[in-house]
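*Asks:* Sharing a structure with you now.
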Amino acid sequence: MSGLLRYALQRLALTVPMILILLTVIFLILRVLPGDPVSAMLGGRPVPPEVLQSYRVKMGVDKPIPAQYVTYIGGVFRGDFGSSMRTSTPVLRELFSRFPATIELAIFGLLVAGILGFSTGIIAATRADRPIDHGIRIFHIASFAMPLFWLGLMFQVFFAVKLGWLPVAGRLGGDVAFTFQPVTGFYVLDAIIRWDGQSLADIVLHLILPALTLGIAMTGLLGRMSRASMLEVLGQDYVTTARAKGLRERLVVTRHALRNALIPIITVFGLEFAVLMGGAVLTETVFSWPGIASYLMRAINARDYTAIQGSVVFIALFISVINLIVDLLYSAVDPRVRY
Amino acid sequence: MKRSVRMALVLLLGVTTALAFVAAAYATDLVYARPSLGTKFLDPHQGGNSGRYQNLNLVYDTLVFSDDGGTLYPLLAEWWEASEDYTQWTFQLRSGIVFHDGTPLNAAAVKFSFDRIVGIGNHTVAQWRYMGKDSTIEVVDDLTVRFKLSKPYPLFLTELVYACYGIISPTAVQQHATAADPWATEYFSSNECGSGPFQFAEYVPGERLILAKNTKYWGGVEGVKCAAKVDRLVMRIVPDATTRAIMLQSGEVDIAEQLPVDLLGQLATAPGIKVEYYPLQAFAEIQFNGGKAPFNNEKVRQAISHAIDVDSIINGVERGHVLPMYGVATQGMIGYDPTRQRPTYDVALAKQLLAEAGYPNGFDATLIWATERRAEFDLEAVLIQEYLGQIGIRLTLQSLAWSAELEKQLNADFDMSLMTMTSGTGDPSSIFDKYLAPPHPAAVGQYSFRWVDAPPIVAELVEYGTTIWDPATRQHLYAFLDAVGTAAAVNIPLYQIPVAFAMRSNVHGFVYDTLRRACFYFVSKD
């Protein structure tokens, strides 16, 4: 077994206790918090005891909490996340149907963050302490500090209402919604597979504002990290040597400095994914994006225990896998890293 | 060769795009933004929240229908008759009506639908859920059905108006039934097979529901329910209120609902947009924990009712778009009496009443509410805190999740609560039952905001109201009961809630009636 594979398996194995701890904490918090799913379902009406009991049985809250816990954990390890207490649909089915929307938004959000953060960070580092550097640093701080929902609303007002260039919310426009036939749930990919130009244009237009909002929110940290990392590398002896040899600055940066500056940036990129999932809750709400985060929000409001537990575990698993991939990427970027 | 293939593909793409544009240009779509669809939003017979009821009326028909004033009209039933003692109800159905799947709508389908309500056994507002167990339905002939009720029920017709009595296709249910789910509840949670003016076209969870015009609709009843005028109704799920408002401004949607007062104010002055208000048989109120001191003291409740300037809430926070309340009967409901004197805002009187109740220095209490129930409650709670502070009641404010507020109410674990109340079927009996009737001994939980020490005659009159049919008698009865409840300050009704819809100026004919039925079949677009 290669070192890389062993490392990957070890990391995956470690996610099992992590998920178990997470599930236990979520399970207990939900049952300690005020708000009963049965009351929410019945709308606060007094009901005959047999009706109440039938609801408790149906929702699986008739048993003692330890018994509920064992049943639920057993189900999760068999891949059964239970059914939503609110809608009765299997949680896993709901999560899988919404997963592509979240991932699509995350990918495009990261793309925006990557391009904006990385490029502005490098430009600021190579022009340190000049006016452009100060300008970029202000932009980084502003993008980091701006409330995400406010930024989203401002984009909607400016680009959709004032200019009328982009749609306000959703994944598809009215006309396209009738004709577009998804295949994988990743709409951009589906439109390409279907060779459907009209839908593709509409889908991309719908993606721009939420991706920009999510991306800009992550740009600050990524940009500052890129700048700091690049500045550190640019101050090292081998870079001075490269310059002394008469190498052009552009080549010094792209050939010698960039790769070494990447390691901490990749780490931040991985960590940003967790931030991104948090940001997705707000972005998906503001932009009516039918992803996992908006599902989680609705579940929390209705005290839908199974849906909340399922969503949290699903998101945690996803972030773990992304971070594992990021860790494995180190070796591709830095040959000194061996597993 | 490669080039010609590429050319052909480009040509094909161009043609399909053009065709899609042409198809889209000829269809009239009405796009409607709402925060959610509710749960099990296409099945009339499954329990759930009220948000779904506005869908049901679009895709299902009921035997009887009512207009906004409560006048009853035959819908699927051509005529009906009741026995002298109101235990037998016979309905003659219209002929030639078919469900969306082509199945004929007949007496057997009506019986099947009512059996399904009992069979599913979920807790819905439908009284038939309980009544149906002891009652029978007889299929007299293909188009005649007779209900034999276990007890006299003069309000049966009023009950049948409600969307939860929609008639469903037996063929479709049987087709999707399984051994574990004999009534096909899972399938019909997000599918339908009724006979209404719209029919299911597409549902994407969390994103949209599309209903298409039922081109074979039987026609409905003039002025009450009719065939759809638009080709497609697209319900877009947009949880955020500001986003709904922005979508309306950009022209992305035609109608938006559930917008807070401040946004409605902005939209009302925006070009190309109009805001319309529809009174709902629902109201906002302060509820008291009637079984807990000091709120079991009538003078304390009266003191509070005089300490709050309700008009300042109506005109300040709600900007005059809500209606004043004169009791718990809302405008349009039997028992409504706008000549009744509302409690005056009189701080001196409030202090005097509080002193007479034995609390000259006031007391500490907690006010709970759920913002998700009504956004304006946040500000109104602060105002109420200020008003009650003037007479020495030190109010602690506690905003909760709605489910948590409900739980506290059912367990009688609260002092005062800001709530909205709605009358289920639009009949006063359900509202008065909550406040004035004694708790049902066989029920788990209770309406803890009820008048715990009400004189026995009050409960008897509430019960009597459910046994009479004559509207004039019922008006007198419920107006009297409402006056008694108001004098005892059982609760403090604040205002009747209208539902506001903001829409593009080119949308015409939209009606949202007091029974929460969004009548999209009347709507046309320029």
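Each chain in the structure tokens gets a letter, A, B and so on, in the order shown; residues start at 1 in every chain, and ligands are counted from 1 in the order they appear.
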For Gly135 (chain A), list every protein, DNA or RNA residue within 12 Å, evaluated using only C-alpha atoms, and leave out those in the same chain fewer than 6 positions away; present the list as a VMD selection string.
*Replies:* chain A and resid 120 to 121 123 to 124 127 to 129 141 to 142
*Asks:* Which residue is closest to Leu12 (chain A)? Choose from A:Ile322, A:Ile266, A:Val176, A:Ile138 and count only C-alpha atoms.
*Replies:*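 Ranked by minimum distance to Leu12 (chain A), first place goes to A:Ile322.
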*Asks:* So which one's closest to chain B, A:Gly109, A:Gly173, A:Gly235, A:Pro264? Using only C-alpha atoms, please.
*Replies:*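 Checking each candidate against chain B, we get A:Gly173 as the closest.
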*Asks:* Region 22-31 of chain A: which residues within 9 Å, counting only C-alpha atoms, same-chain residues fewer than 5 positions away excluded, as a short mmCIF file (atom, residue, chain, number, x, y, z; two decimals) with N, CA and C atoms, in the first residue's frame?
*Replies:*
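Okay, part_36.cif is ready:
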data_model
loop_
_atom_site.label_atom_id
_atom_site.label_comp_id
_atom_site.auth_asym_id
_atom_site.auth_seq_id
_atom_site.Cartn_x
_atom_site.Cartn_y
_atom_site.Cartn_z
N PRO A 17 -15.07 8.67 14.05
CA PRO A 17 -15.33 9.21 15.40
C PRO A 17 -15.77 10.67 15.37
N ASP A 36 -40.96 21.63 20.22
CA ASP A 36 -41.24 20.22 20.03
C ASP A 36 -41.76 20.00 18.61
N ILE A 65 -35.05 8.96 25.08
CA ILE A 65 -33.99 9.59 24.26
C ILE A 65 -32.83 8.63 23.95
N TYR A 69 -31.59 7.59 20.28
CA TYR A 69 -30.20 7.81 19.86
C TYR A 69 -29.63 6.56 19.20
N ILE A 73 -28.42 6.39 15.36
CA ILE A 73 -27.01 6.13 15.02
C ILE A 73 -26.91 4.86 14.17
N ARG A 303 -38.04 22.61 13.69
CA ARG A 303 -37.55 21.61 14.65
C ARG A 303 -37.63 20.21 14.05
N TYR A 305 -35.98 17.35 13.55
CA TYR A 305 -34.75 16.75 14.08
C TYR A 305 -33.97 15.96 13.03
N ILE A 308 -32.35 18.09 10.35
CA ILE A 308 -31.21 18.88 10.85
C ILE A 308 -30.00 17.97 11.02
N GLN A 309 -30.21 16.82 11.68
CA GLN A 309 -29.09 15.89 11.93
C GLN A 309 -28.48 15.44 10.60
N GLY A 310 -29.35 15.06 9.69
CA GLY A 310 -28.87 14.57 8.39
C GLY A 310 -28.09 15.64 7.65
N VAL A 312 -26.50 18.28 8.85
CA VAL A 312 -25.23 18.61 9.51
C VAL A 312 -24.18 17.53 9.22
N VAL A 313 -24.59 16.28 9.33
CA VAL A 313 -23.64 15.19 9.08
C VAL A 313 -23.17 15.23 7.62
N ALA A 316 -20.76 18.05 7.22
CA ALA A 316 -19.49 17.74 7.89
C ALA A 316 -18.68 16.74 7.08
#
*Asks:* Leaving out region 461-470 of chain B and any residue of its chain fewer than 4 positions from it, which residues lie within 12 Å of it when counting only C-alpha atoms, given as JSON, numbers by chain?
*Replies:* {"B": [82, 84, 85, 86, 87, 151, 152, 153, 154, 155, 156, 157, 158, 159, 334, 335, 427, 428, 429, 430, 431, 432, 433, 434, 435, 436, 437, 438, 454, 455, 456, 457, 474, 475, 476, 477, 478, 479, 480, 481, 482, 484, 485]}
*Asks:* Could you give me, as a list in words, the residues within 7 Å of Leu58 (chain B), counting only C-alpha atoms and dropping anything in the same chain fewer than 5 positions from it?
*Replies:*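 Counting only C-alpha atoms, the residues come to Gly196, Pro197 and Phe198 of chain B.
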*Asks:* Quick one: distance from CA of Val239 (chain A) to CA of Phe139 (chain A) in Å, one decimal?
*Replies:* 27.8 Å
*Asks:* Check the smallest atom-to-atom distance from each of A:Tyr55, A:Phe144, A:Tyr238, A:Phe314 to chain B using only C-alpha atoms, then report the winner.
*Replies:* A:Tyr55
*Asks:* Show which residues sit within 10 Å of Thr344 (chain B), as a list in words. Count only C-alpha atoms, and ignore same-chain residues fewer than 3 positions away.
*Replies:* Ser305, His306, Ala307, Ile308, Asp309, Val310, Asp311, Gln341, Val347, Leu349 and Ala350 of chain B
*Asks:* Would you export the selected residues with all heavy atoms as an mmCIF file, in the first residue's frame, please?
*Replies:*
data_model
loop_
_atom_site.group_PDB
_atom_site.id
_atom_site.type_symbol
_atom_site.label_atom_id
_atom_site.label_comp_id
_atom_site.auth_asym_id
_atom_site.auth_seq_id
_atom_site.Cartn_x
_atom_site.Cartn_y
_atom_site.Cartn_z
ATOM 1 N N SER B 305 -55.705 45.676 29.181
ATOM 2 C CA SER B 305 -56.399 46.072 27.951
ATOM 3 C C SER B 305 -56.556 47.596 27.854
ATOM 4 O O SER B 305 -56.577 48.139 26.756
ATOM 5 C CB SER B 305 -57.770 45.392 27.853
ATOM 6 O OG SER B 305 -58.667 45.987 28.757
ATOM 7 N N HIS B 306 -56.611 48.278 29.010
ATOM 8 C CA HIS B 306 -56.731 49.740 28.986
ATOM 9 C C HIS B 306 -55.357 50.419 28.948
ATOM 10 O O HIS B 306 -55.273 51.620 28.691
ATOM 11 C CB HIS B 306 -57.503 50.227 30.211
ATOM 12 C CG HIS B 306 -58.988 49.959 30.119
ATOM 13 N ND1 HIS B 306 -59.810 50.629 29.236
ATOM 14 C CD2 HIS B 306 -59.781 49.063 30.765
ATOM 15 C CE1 HIS B 306 -61.050 50.175 29.360
ATOM 16 N NE2 HIS B 306 -61.058 49.210 30.266
ATOM 17 N N ALA B 307 -54.312 49.672 29.230
ATOM 18 C CA ALA B 307 -52.977 50.288 29.296
ATOM 19 C C ALA B 307 -52.297 50.351 27.929
ATOM 20 O O ALA B 307 -51.284 51.027 27.770
ATOM 21 C CB ALA B 307 -52.106 49.484 30.268
ATOM 22 N N ILE B 308 -52.836 49.630 26.981
ATOM 23 C CA ILE B 308 -52.174 49.566 25.667
ATOM 24 C C ILE B 308 -52.943 50.398 24.646
ATOM 25 O O ILE B 308 -54.160 50.213 24.471
ATOM 26 C CB ILE B 308 -52.076 48.092 25.196
ATOM 27 C CG1 ILE B 308 -51.186 47.311 26.159
ATOM 28 C CG2 ILE B 308 -51.507 48.013 23.781
ATOM 29 C CD1 ILE B 308 -51.232 45.825 25.956
ATOM 30 N N ASP B 309 -52.235 51.300 23.995
ATOM 31 C CA ASP B 309 -52.855 52.113 22.951
ATOM 32 C C ASP B 309 -52.809 51.312 21.640
ATOM 33 O O ASP B 309 -51.834 51.376 20.891
ATOM 34 C CB ASP B 309 -52.099 53.431 22.812
ATOM 35 C CG ASP B 309 -52.773 54.362 21.799
ATOM 36 O OD1 ASP B 309 -53.806 53.958 21.233
ATOM 37 O OD2 ASP B 309 -52.239 55.463 21.574
ATOM 38 N N VAL B 310 -53.851 50.552 21.416
ATOM 39 C CA VAL B 310 -53.879 49.661 20.247
ATOM 40 C C VAL B 310 -53.850 50.465 18.947
ATOM 41 O O VAL B 310 -53.209 50.058 17.961
ATOM 42 C CB VAL B 310 -55.134 48.743 20.308
ATOM 43 C CG1 VAL B 310 -55.254 47.914 19.035
ATOM 44 C CG2 VAL B 310 -55.062 47.834 21.519
ATOM 45 N N ASP B 311 -54.487 51.639 18.979
ATOM 46 C CA ASP B 311 -54.510 52.450 17.747
ATOM 47 C C ASP B 311 -53.113 52.895 17.334
ATOM 48 O O ASP B 311 -52.828 53.043 16.147
ATOM 49 C CB ASP B 311 -55.419 53.670 17.940
ATOM 50 C CG ASP B 311 -56.887 53.270 17.864
ATOM 51 O OD1 ASP B 311 -57.167 52.216 17.254
ATOM 52 O OD2 ASP B 311 -57.734 53.973 18.432
ATOM 53 N N GLN B 341 -68.022 48.881 21.678
ATOM 54 C CA GLN B 341 -66.985 49.786 22.185
ATOM 55 C C GLN B 341 -65.693 48.999 22.439
ATOM 56 O O GLN B 341 -65.697 47.988 23.138
ATOM 57 C CB GLN B 341 -67.487 50.406 23.504
ATOM 58 C CG GLN B 341 -66.478 51.263 24.236
ATOM 59 C CD GLN B 341 -66.266 52.609 23.556
ATOM 60 O OE1 GLN B 341 -67.205 53.222 23.055
ATOM 61 N NE2 GLN B 341 -65.010 53.034 23.495
ATOM 62 N N VAL B 347 -54.673 55.208 30.973
ATOM 63 C CA VAL B 347 -53.650 54.738 31.912
ATOM 64 C C VAL B 347 -54.157 54.841 33.357
ATOM 65 O O VAL B 347 -53.921 53.938 34.172
ATOM 66 C CB VAL B 347 -52.346 55.549 31.726
ATOM 67 C CG1 VAL B 347 -51.284 55.123 32.741
ATOM 68 C CG2 VAL B 347 -51.805 55.346 30.314
ATOM 69 N N LEU B 349 -57.225 54.662 34.469
ATOM 70 C CA LEU B 349 -58.181 53.569 34.709
ATOM 71 C C LEU B 349 -57.438 52.239 34.860
ATOM 72 O O LEU B 349 -57.784 51.412 35.724
ATOM 73 C CB LEU B 349 -59.183 53.500 33.544
ATOM 74 C CG LEU B 349 -60.205 52.363 33.583
ATOM 75 C CD1 LEU B 349 -61.083 52.448 34.840
ATOM 76 C CD2 LEU B 349 -61.088 52.390 32.336
ATOM 77 N N ALA B 350 -56.427 52.048 34.028
ATOM 78 C CA ALA B 350 -55.646 50.805 34.087
ATOM 79 C C ALA B 350 -54.970 50.655 35.444
ATOM 80 O O ALA B 350 -54.985 49.578 36.061
ATOM 81 C CB ALA B 350 -54.602 50.804 32.971
#
*Asks:* Give me the residues near Val161 (chain B) as a PyMOL selection string, where near means some atom within 8 Å (using only C-alpha atoms) and where sequence neighbours in that chain fewer than 4 positions away do not count.
*Replies:* chain B and resi 62-66+157+165+425
*Asks:* Pick the closest to chain A from B:Gly220, B:Gly426, B:Gly121, B:Gly291: which is it, counting only C-alpha atoms?
*Replies:*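 The answer is B:Gly121, which sits nearest to chain A.
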*Asks:* Between B:Thr28, B:Thr330, B:Gln302, B:Thr269, single out the one closest to chain A, counting only C-alpha atoms.
*Replies:*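 Among B:Thr28, B:Thr330, B:Gln302, B:Thr269, it is B:Thr28 that comes nearest to chain A.
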*Asks:* Go through region 109-256 of chain B and collect every residue that DSSP, computed from the backbone, puts in helix (DSSP H, G or I); the answer should be as a ChimeraX atom specification.
*Replies:* /B:109-120,128-134,156-160,163-165,170-176,185-188,241-250
*Asks:* Go ahead and write the selection's residues with N, CA and C atoms as a tab-separated table (two decimals), in the first residue's frame.
*Replies:*
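Wrote it out as again-v7.tsv, contents follow:
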chain	number	residue	atom	x	y	z
B	109	ALA	N	-66.40	8.25	-6.21
B	109	ALA	CA	-65.17	9.04	-5.98
B	109	ALA	C	-65.31	9.91	-4.74
B	110	VAL	N	-66.52	10.44	-4.52
B	110	VAL	CA	-66.76	11.27	-3.34
B	110	VAL	C	-66.62	10.41	-2.08
B	111	LYS	N	-67.25	9.24	-2.11
B	111	LYS	CA	-67.16	8.34	-0.96
B	111	LYS	C	-65.70	7.95	-0.71
B	112	PHE	N	-64.99	7.64	-1.79
B	112	PHE	CA	-63.59	7.24	-1.67
B	112	PHE	C	-62.77	8.36	-1.00
B	113	SER	N	-63.02	9.60	-1.41
B	113	SER	CA	-62.25	10.73	-0.87
B	113	SER	C	-62.48	10.90	0.62
B	114	PHE	N	-63.75	10.77	1.02
B	114	PHE	CA	-64.05	10.92	2.45
B	114	PHE	C	-63.52	9.73	3.26
B	115	ASP	N	-63.55	8.56	2.65
B	115	ASP	CA	-62.95	7.39	3.32
B	115	ASP	C	-61.45	7.60	3.48
B	116	ARG	N	-60.85	8.24	2.50
B	116	ARG	CA	-59.40	8.47	2.54
B	116	ARG	C	-59.03	9.39	3.71
B	117	ILE	N	-59.87	10.40	3.97
B	117	ILE	CA	-59.59	11.31	5.10
B	117	ILE	C	-59.52	10.51	6.40
B	118	VAL	N	-60.50	9.62	6.58
B	118	VAL	CA	-60.52	8.80	7.80
B	118	VAL	C	-59.37	7.79	7.77
B	119	GLY	N	-59.14	7.21	6.59
B	119	GLY	CA	-58.11	6.18	6.45
B	119	GLY	C	-56.72	6.71	6.75
B	120	ILE	N	-56.41	7.89	6.26
B	120	ILE	CA	-55.09	8.46	6.51
B	120	ILE	C	-54.94	8.77	8.00
B	128	TRP	N	-64.35	15.65	9.77
B	128	TRP	CA	-64.67	14.31	9.27
B	128	TRP	C	-63.65	13.28	9.74
B	129	ARG	N	-62.45	13.77	10.05
B	129	ARG	CA	-61.39	12.90	10.57
B	129	ARG	C	-61.91	12.10	11.78
B	130	TYR	N	-62.74	12.77	12.63
B	130	TYR	CA	-63.31	12.11	13.79
B	130	TYR	C	-64.74	11.62	13.50
B	131	MET	N	-65.52	12.53	12.87
B	131	MET	CA	-66.93	12.26	12.63
B	131	MET	C	-67.12	11.05	11.71
B	132	GLY	N	-66.22	10.91	10.76
B	132	GLY	CA	-66.35	9.88	9.74
B	132	GLY	C	-66.27	8.46	10.28
B	133	LYS	N	-65.68	8.31	11.47
B	133	LYS	CA	-65.53	6.97	12.03
B	133	LYS	C	-66.89	6.37	12.41
B	134	ASP	N	-67.79	7.25	12.84
B	134	ASP	CA	-69.09	6.75	13.28
B	134	ASP	C	-70.18	7.03	12.24
B	156	PHE	N	-72.64	21.39	8.48
B	156	PHE	CA	-71.90	20.46	7.61
B	156	PHE	C	-71.48	21.13	6.29
B	157	LEU	N	-72.37	21.93	5.71
B	157	LEU	CA	-72.05	22.57	4.43
B	157	LEU	C	-70.89	23.54	4.58
B	158	THR	N	-70.90	24.31	5.64
B	158	THR	CA	-69.82	25.27	5.91
B	158	THR	C	-68.49	24.53	6.02
B	159	GLU	N	-68.57	23.37	6.64
B	159	GLU	CA	-67.38	22.54	6.82
B	159	GLU	C	-66.84	22.05	5.46
B	160	LEU	N	-67.79	21.65	4.60
B	160	LEU	CA	-67.38	21.05	3.32
B	160	LEU	C	-66.73	22.04	2.36
B	163	ALA	N	-60.84	23.48	1.89
B	163	ALA	CA	-60.04	22.79	0.87
B	163	ALA	C	-59.66	21.36	1.27
B	164	CYS	N	-59.70	21.08	2.56
B	164	CYS	CA	-59.31	19.72	2.98
B	164	CYS	C	-60.36	18.68	2.60
B	165	TYR	N	-61.48	19.12	2.00
B	165	TYR	CA	-62.49	18.17	1.52
B	165	TYR	C	-62.46	18.05	-0.01
B	170	PRO	N	-59.98	8.30	-7.42
B	170	PRO	CA	-59.69	6.98	-6.82
B	170	PRO	C	-58.71	6.18	-7.69
B	171	THR	N	-58.84	6.32	-9.00
B	171	THR	CA	-57.96	5.58	-9.90
B	171	THR	C	-56.50	5.96	-9.65
B	172	ALA	N	-56.26	7.27	-9.53
B	172	ALA	CA	-54.88	7.73	-9.33
B	172	ALA	C	-54.34	7.27	-7.99
B	173	VAL	N	-55.18	7.30	-6.96
B	173	VAL	CA	-54.72	6.87	-5.64
B	173	VAL	C	-54.38	5.39	-5.68
B	174	GLN	N	-55.28	4.60	-6.27
B	174	GLN	CA	-55.04	3.15	-6.32
B	174	GLN	C	-53.79	2.82	-7.14
B	175	GLN	N	-53.56	3.62	-8.15
B	175	GLN	CA	-52.39	3.39	-9.02
B	175	GLN	C	-51.07	3.59	-8.26
B	176	HIS	N	-51.07	4.53	-7.32
B	176	HIS	CA	-49.83	4.85	-6.62
B	176	HIS	C	-49.79	4.29	-5.20
B	185	THR	N	-50.09	8.30	0.21
B	185	THR	CA	-49.81	9.61	0.81
B	185	THR	C	-48.47	10.18	0.36
B	186	GLU	N	-47.49	9.29	0.17
B	186	GLU	CA	-46.17	9.79	-0.22
B	186	GLU	C	-46.24	10.41	-1.63
B	187	TYR	N	-46.89	9.70	-2.53
B	187	TYR	CA	-46.97	10.21	-3.91
B	187	TYR	C	-47.72	11.54	-3.94
B	188	PHE	N	-48.83	11.60	-3.22
B	188	PHE	CA	-49.67	12.80	-3.31
B	188	PHE	C	-49.19	13.96	-2.44
B	241	ALA	N	-37.80	37.67	2.19
B	241	ALA	CA	-38.81	38.66	1.81
B	241	ALA	C	-38.23	39.76	0.93
B	242	THR	N	-37.04	40.23	1.26
B	242	THR	CA	-36.43	41.30	0.47
B	242	THR	C	-36.17	40.81	-0.95
B	243	THR	N	-35.75	39.57	-1.08
B	243	THR	CA	-35.50	39.02	-2.42
B	243	THR	C	-36.80	38.96	-3.22
B	244	ARG	N	-37.89	38.60	-2.55
B	244	ARG	CA	-39.19	38.57	-3.25
B	244	ARG	C	-39.55	39.96	-3.76
B	245	ALA	N	-39.29	40.96	-2.92
B	245	ALA	CA	-39.61	42.34	-3.32
B	245	ALA	C	-38.73	42.78	-4.50
B	246	ILE	N	-37.47	42.43	-4.45
B	246	ILE	CA	-36.55	42.83	-5.53
B	246	ILE	C	-36.93	42.11	-6.83
B	247	MET	N	-37.31	40.85	-6.71
B	247	MET	CA	-37.73	40.10	-7.91
B	247	MET	C	-38.96	40.74	-8.55
B	248	LEU	N	-39.84	41.24	-7.72
B	248	LEU	CA	-41.03	41.89	-8.25
B	248	LEU	C	-40.64	43.18	-8.96
B	249	GLN	N	-39.74	43.92	-8.36
B	249	GLN	CA	-39.31	45.18	-8.97
B	249	GLN	C	-38.60	44.96	-10.29
B	250	SER	N	-37.85	43.87	-10.36
B	250	SER	CA	-37.11	43.61	-11.60
B	250	SER	C	-38.02	42.98	-12.67
*Asks:* In Å, with one decimal, what is the gap from CA of Val57 (chain A) to CA of Thr87 (chain A)?
*Replies:*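 Pair CA of Val57 (chain A) / CA of Thr87 (chain A) returns 15.3 Å.
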*Asks:* When you count only C-alpha atoms, which of these residues is closest to chain A: B:Ala375, B:Met421, B:Ala487, B:Ile237?
*Replies:* B:Ile237
*Asks:* Report as a PDB file with C-alpha atoms, in the first residue's frame: the residues of region 310-511 of chain B with a DSSP assignment of strand (DSSP E or B), based on the backbone of this structure.
*Replies:*
ATOM      1  CA  LEU B 323     -58.369  46.519  10.570  1.00  0.00           C
ATOM      2  CA  ASP B 364     -43.123  40.974  36.731  1.00  0.00           C
ATOM      3  CA  ALA B 365     -44.205  38.996  33.676  1.00  0.00           C
ATOM      4  CA  THR B 366     -42.825  37.617  30.441  1.00  0.00           C
ATOM      5  CA  LEU B 367     -44.165  38.208  26.948  1.00  0.00           C
ATOM      6  CA  ILE B 368     -43.320  35.558  24.368  1.00  0.00           C
ATOM      7  CA  TRP B 369     -43.738  35.689  20.599  1.00  0.00           C
ATOM      8  CA  ARG B 394     -42.364  44.932  34.277  1.00  0.00           C
ATOM      9  CA  LEU B 395     -42.384  42.883  31.131  1.00  0.00           C
ATOM     10  CA  THR B 396     -39.497  40.681  30.054  1.00  0.00           C
ATOM     11  CA  LEU B 397     -39.464  40.100  26.299  1.00  0.00           C
ATOM     12  CA  GLN B 398     -38.665  36.656  24.947  1.00  0.00           C
ATOM     13  CA  SER B 399     -38.620  35.957  21.221  1.00  0.00           C
ATOM     14  CA  MET B 416     -48.488  36.495  28.000  1.00  0.00           C
ATOM     15  CA  SER B 417     -48.074  35.672  24.353  1.00  0.00           C
ATOM     16  CA  LEU B 418     -48.231  37.679  21.143  1.00  0.00           C
ATOM     17  CA  MET B 419     -49.951  35.431  18.656  1.00  0.00           C
ATOM     18  CA  THR B 420     -51.939  35.292  15.470  1.00  0.00           C
ATOM     19  CA  MET B 421     -55.172  33.385  15.466  1.00  0.00           C
ATOM     20  CA  THR B 422     -57.155  32.094  12.542  1.00  0.00           C
ATOM     21  CA  VAL B 444     -53.632  16.236  25.376  1.00  0.00           C
ATOM     22  CA  ASN B 491     -57.566  38.256  25.420  1.00  0.00           C
ATOM     23  CA  ILE B 492     -56.578  41.552  23.811  1.00  0.00           C
ATOM     24  CA  PRO B 493     -57.337  41.426  20.094  1.00  0.00           C
ATOM     25  CA  LEU B 494     -54.988  43.938  18.448  1.00  0.00           C
ATOM     26  CA  TYR B 495     -55.963  44.009  14.788  1.00  0.00           C
ATOM     27  CA  GLN B 496     -57.396  41.918  11.974  1.00  0.00           C
ATOM     28  CA  ILE B 497     -54.592  40.900   9.674  1.00  0.00           C
ATOM     29  CA  PRO B 498     -55.038  41.557   6.016  1.00  0.00           C
ATOM     30  CA  VAL B 499     -52.868  39.677   3.608  1.00  0.00           C
ATOM     31  CA  ALA B 500     -50.921  41.999   1.387  1.00  0.00           C
ATOM     32  CA  PHE B 501     -49.926  41.022  -2.121  1.00  0.00           C
ATOM     33  CA  ALA B 502     -47.632  43.183  -4.178  1.00  0.00           C
ATOM     34  CA  MET B 503     -48.032  42.669  -7.903  1.00  0.00           C
ATOM     35  CA  ARG B 504     -47.108  44.096 -11.273  1.00  0.00           C
ATOM     36  CA  VAL B 507     -51.874  41.649 -13.335  1.00  0.00           C
ATOM     37  CA  HIS B 508     -55.660  41.830 -13.046  1.00  0.00           C
TER      38      HIS B 508
END
*Asks:* Can you measure CA of Lys40 (chain B) to CA of Phe147 (chain B) for me? One decimal in Å is fine.
*Replies:*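 Separating CA of Lys40 (chain B) from CA of Phe147 (chain B) is a distance of 27.3 Å.
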